[in-house]
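Worksheet: the structure to be examined is printed underneath.
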2 protein chains.
Amino acid sequence: MVEKHGLRERKKQRTRQALIEAAVRLFEDKGYDHVTVAEIADAAEVSPRTFFLHFQAKEDVLLANADVRVDLALQAIAERRAGERLPEVLVRAMDQMIANTWDSDLPSGLAALRARLAASVPALQARLLQRYLTAQTELAQALQRAFPDRLDTITASALVGAMVGAVSASALTALQRGDGPDEVRNAMRQAMALVAQSVS
Amino acid sequence: MVEKHGLRERKKQRTRQALIEAAVRLFEDKGYDHVTVAEIADAAEVSPRTFFLHFQAKEDVLLANADVRVDLALQAIAERRAGERLPEVLVRAMDQMIANTWDSDLPSGLAALRARLAASVPALQARLLQRYLTAQTELAQALQRAFPDRLDTITASALVGAMVGAVSASALTALQRGDGPDEVRNAMRQAMALVAQSVS
DNA sequence: ATGTATTAATTCATACTATGCATCAATTCG
DNA sequence: CGAATTGATGCATAGTATGAATTAATACAT
């Protein structure tokens with residue numbers, strides 16, 4: 001999961017990071033729709049073609065580190081602790097993702113920007129939801145592996161779908177009525193608890 | 001909710017329908033990515049520009065009648081029957097949507113095509129999920145209106161998010177393992193029951 | 001019935017996303 | 001040091017989506 005080679009890989013990550021930072025700055029400055037990929041590349045001092053070498057689409061530059069969070073949750077499920085029951089594992093997995101968001105993207109302002117844009121830019125919202133869905137599939141499989149005799153495939157995906165659906169819906173609702181970070185987090189917790197009790 | 005004017009509106013709906021049918025036929029024939037908007041317009045004997053007059057994007061031609069289903073669900077919630085409790089109303093609303101899909105899009109083959117493509121074409125999947133989300137917002141508001149003293153805004157959106165998330169995740173899982181229509185519907189019911197019991 | 005207002009559809013132009021392909025230049029490795 | 005790998009670039013192009021101006025058919029008021 002770490003770097004394979006030295007200099008070459010480091011340079012690659014540096015341009016990647018430059019692209020992300022340029023994009024964030026420009027998005028905050030001019031708004032998502034008024035920034036073109038060409039501008040981002042220009043600000044990061046690379047060719048426009050290079051942008052698509054690092055990101056599949058314009059939207060992905062804002063979802064760059066989402067995979068890390070999914071991995072955390074998967075790990076949380078795989079490392080099921082002794083005596084831990086289904087709802088506890090699920091809640092802990094979600095908590096991992098939320099916690100990572102809060103202390104890695106919140107200080108940089110990336111979380112706020114992403115939240116704001118996800119609520120206002122349809123293309124980004126769609127892409128984010130799609131990411132959630134693919135993450136759900138992985139989470140459901142991991143959960144089924146952790147509770148093989150309790151969960152069938154459908155129940156596992158339904159459960160994870162309910163959890164992710166509830167948490168993201170409540171978060172979005174909180175965001176859209178102008179709640180701050182703490183209130184958003186509370187809304188997410190509330191949603192988690194609601195779903196968790198359905199399997200208690 | 002019905003037609004306002006006569007001939008003009010009828011003609012408009014006719015070209016709209018022609019676009020949908022042309023698109024479905026071409027998608028089935030050549031695959032989603034290998035069909036351009038220009039081809040669809042051509043097959044429907046209209047200008048390419050006209051396509052975007054009826055649909056916001058290429059993907060939307062396959063999600064044309066989704067709004068009708070949402071309206072059905074909203075109606076189901078608004079017409080809360082005497083003595084009906086929260087889970088019953090929610091289940092009935094979801095059932096309305098599912099039933100409508102089954103007896104309006106299933107015979108025409110549209111449901112199957114959409115299901116197949118939603119599972120394989122990222123752009124379409126993303127768009128579909130986004131539609132679900134906006135529908136969720138409306139459903140949550142309606143639900144809160146129906147149970148004003150029982151539900152706060154966050155709980156309402158969490159509940160609807162859980163329901164929609166669970167149902168769509170289980171449906172997609174069933175689809176992806178090759179289940180037929182009946183098995184998919186059973187998966188959806190199972191997911192509904194799971195979430196419904198969390199508020200019983 | 002006639003003139004006026006709407007509006008669906010067309011035409012033309014254009015911005016932008018995204019991808020393919022050939023090439024260059026730097027780094028890794030034998 | 002020489003060869004292979006690979007990140008970055010330049011060029012070309014398909015395709016989505018939108019804006020603006022125009023046309024022609026429908027709707028409506030008198």
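Chain labels follow the order of the structure tokens: the first chain is A, the next B, and so on; residue numbering restarts at 1 in every chain, and ligands are counted from 1 in their shown order.
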Distance filter 8 Å, only C-alpha atoms (C1' of nucleotides), chain B against chain C, as number ranges by chain: B: 8, 12, 47, 49-50
Exercise answer, chain B residues close to chain A, 9 Å and only C-alpha atoms, as a count of residues only: 45
Straight-line distance linking atom CA of Gln56 of chain A with atom CA of Ala57 of chain B, stated in Å to one decimal: 19.6 Å
Output as a Markdown table one row per residue of chain D within 8 Å of chain B: the closest atom pair and its distance in Å to one decimal place, counting only C-alpha atoms (C1' of nucleotides), sorted by chain and residue number ascending.
| residue | atom | partner | partner_atom | distance |
| --- | --- | --- | --- | --- |
| D:DG15 | C1' | B:Thr36 | CA | 7.3 |
| D:DT16 | C1' | B:Ala57 | CA | 8.0 |
| D:DA17 | C1' | B:Ala57 | CA | 7.7 |
| D:DT26 | C1' | B:Arg8 | CA | 5.9 |
Would you write out those residues with N, CA and C atoms (P, O5', C5', C4', C3', O3' and C1' of nucleotides), as a PDB file, in the first residue's frame?
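Wrote it out as again-v4.pdb, contents follow:
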ATOM      1  P    DG D  15     -18.408   9.615 -32.102  1.00  0.00           P
ATOM      2  O5'  DG D  15     -18.966  10.443 -30.868  1.00  0.00           O
ATOM      3  C5'  DG D  15     -18.534  10.103 -29.547  1.00  0.00           C
ATOM      4  C4'  DG D  15     -18.969  11.195 -28.608  1.00  0.00           C
ATOM      5  C3'  DG D  15     -20.408  11.686 -28.827  1.00  0.00           C
ATOM      6  O3'  DG D  15     -21.144  11.427 -27.645  1.00  0.00           O
ATOM      7  C1'  DG D  15     -18.905  13.493 -28.529  1.00  0.00           C
ATOM      8  P    DT D  16     -22.682  11.688 -27.526  1.00  0.00           P
ATOM      9  O5'  DT D  16     -22.744  12.756 -26.344  1.00  0.00           O
ATOM     10  C5'  DT D  16     -21.965  12.545 -25.202  1.00  0.00           C
ATOM     11  C4'  DT D  16     -21.926  13.796 -24.353  1.00  0.00           C
ATOM     12  C3'  DT D  16     -23.287  14.423 -24.081  1.00  0.00           C
ATOM     13  O3'  DT D  16     -23.338  14.765 -22.707  1.00  0.00           O
ATOM     14  C1'  DT D  16     -21.836  16.031 -25.012  1.00  0.00           C
ATOM     15  P    DA D  17     -24.775  15.058 -22.038  1.00  0.00           P
ATOM     16  O5'  DA D  17     -24.881  16.636 -22.249  1.00  0.00           O
ATOM     17  C5'  DA D  17     -23.939  17.452 -21.567  1.00  0.00           C
ATOM     18  C4'  DA D  17     -24.019  18.871 -22.066  1.00  0.00           C
ATOM     19  C3'  DA D  17     -25.422  19.473 -22.151  1.00  0.00           C
ATOM     20  O3'  DA D  17     -25.531  20.447 -21.125  1.00  0.00           O
ATOM     21  C1'  DA D  17     -24.060  20.094 -24.000  1.00  0.00           C
ATOM     22  P    DT D  26     -49.921  22.481 -36.761  1.00  0.00           P
ATOM     23  O5'  DT D  26     -50.325  23.221 -35.423  1.00  0.00           O
ATOM     24  C5'  DT D  26     -49.761  22.764 -34.204  1.00  0.00           C
ATOM     25  C4'  DT D  26     -49.974  23.801 -33.134  1.00  0.00           C
ATOM     26  C3'  DT D  26     -51.428  23.994 -32.689  1.00  0.00           C
ATOM     27  O3'  DT D  26     -51.480  23.704 -31.309  1.00  0.00           O
ATOM     28  C1'  DT D  26     -50.353  26.066 -33.016  1.00  0.00           C
TER      29       DT D  26
END
All residues 10 Å or closer to Phe27 of chain A, only C-alpha atoms (C1' of nucleotides), same chain fewer than 2 positions away omitted, as a PyMOL selection string: chain A and resi 21-25+29-36+40+62+113-114+117
Ala44 of chain B surroundings by only C-alpha atoms (C1' of nucleotides), 6 Å radius, close-in-sequence under 2 positions cut, as a ChimeraX atom specification: /B:18-19,22,41-42,46
Got time to write the residues from that selection, C-alpha atoms, as a tab-separated table (two decimals), in the first residue's frame?
chain	number	residue	atom	x	y	z
B	18	ALA	CA	-40.03	8.82	-30.74
B	19	LEU	CA	-36.72	9.82	-29.17
B	22	ALA	CA	-35.26	5.25	-31.03
B	41	ALA	CA	-32.03	12.18	-33.14
B	42	ASP	CA	-31.49	10.94	-36.65
B	46	VAL	CA	-35.48	15.24	-35.52
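Across the model, the gap from atom CA of Arg69 of chain B to atom CA of Thr15 of chain B is 21.9 Å.
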Interatomic distance, atom CA of Leu143 of chain A to atom CA of Leu74 of chain A (Å, one decimal):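 According to the coordinates, atom CA of Leu143 of chain A and atom CA of Leu74 of chain A are separated by 8.4 Å.
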Segment 84-174 of chain B: residues DSSP assigns to alpha helix (DSSP H), reported as a count of residues only: 73
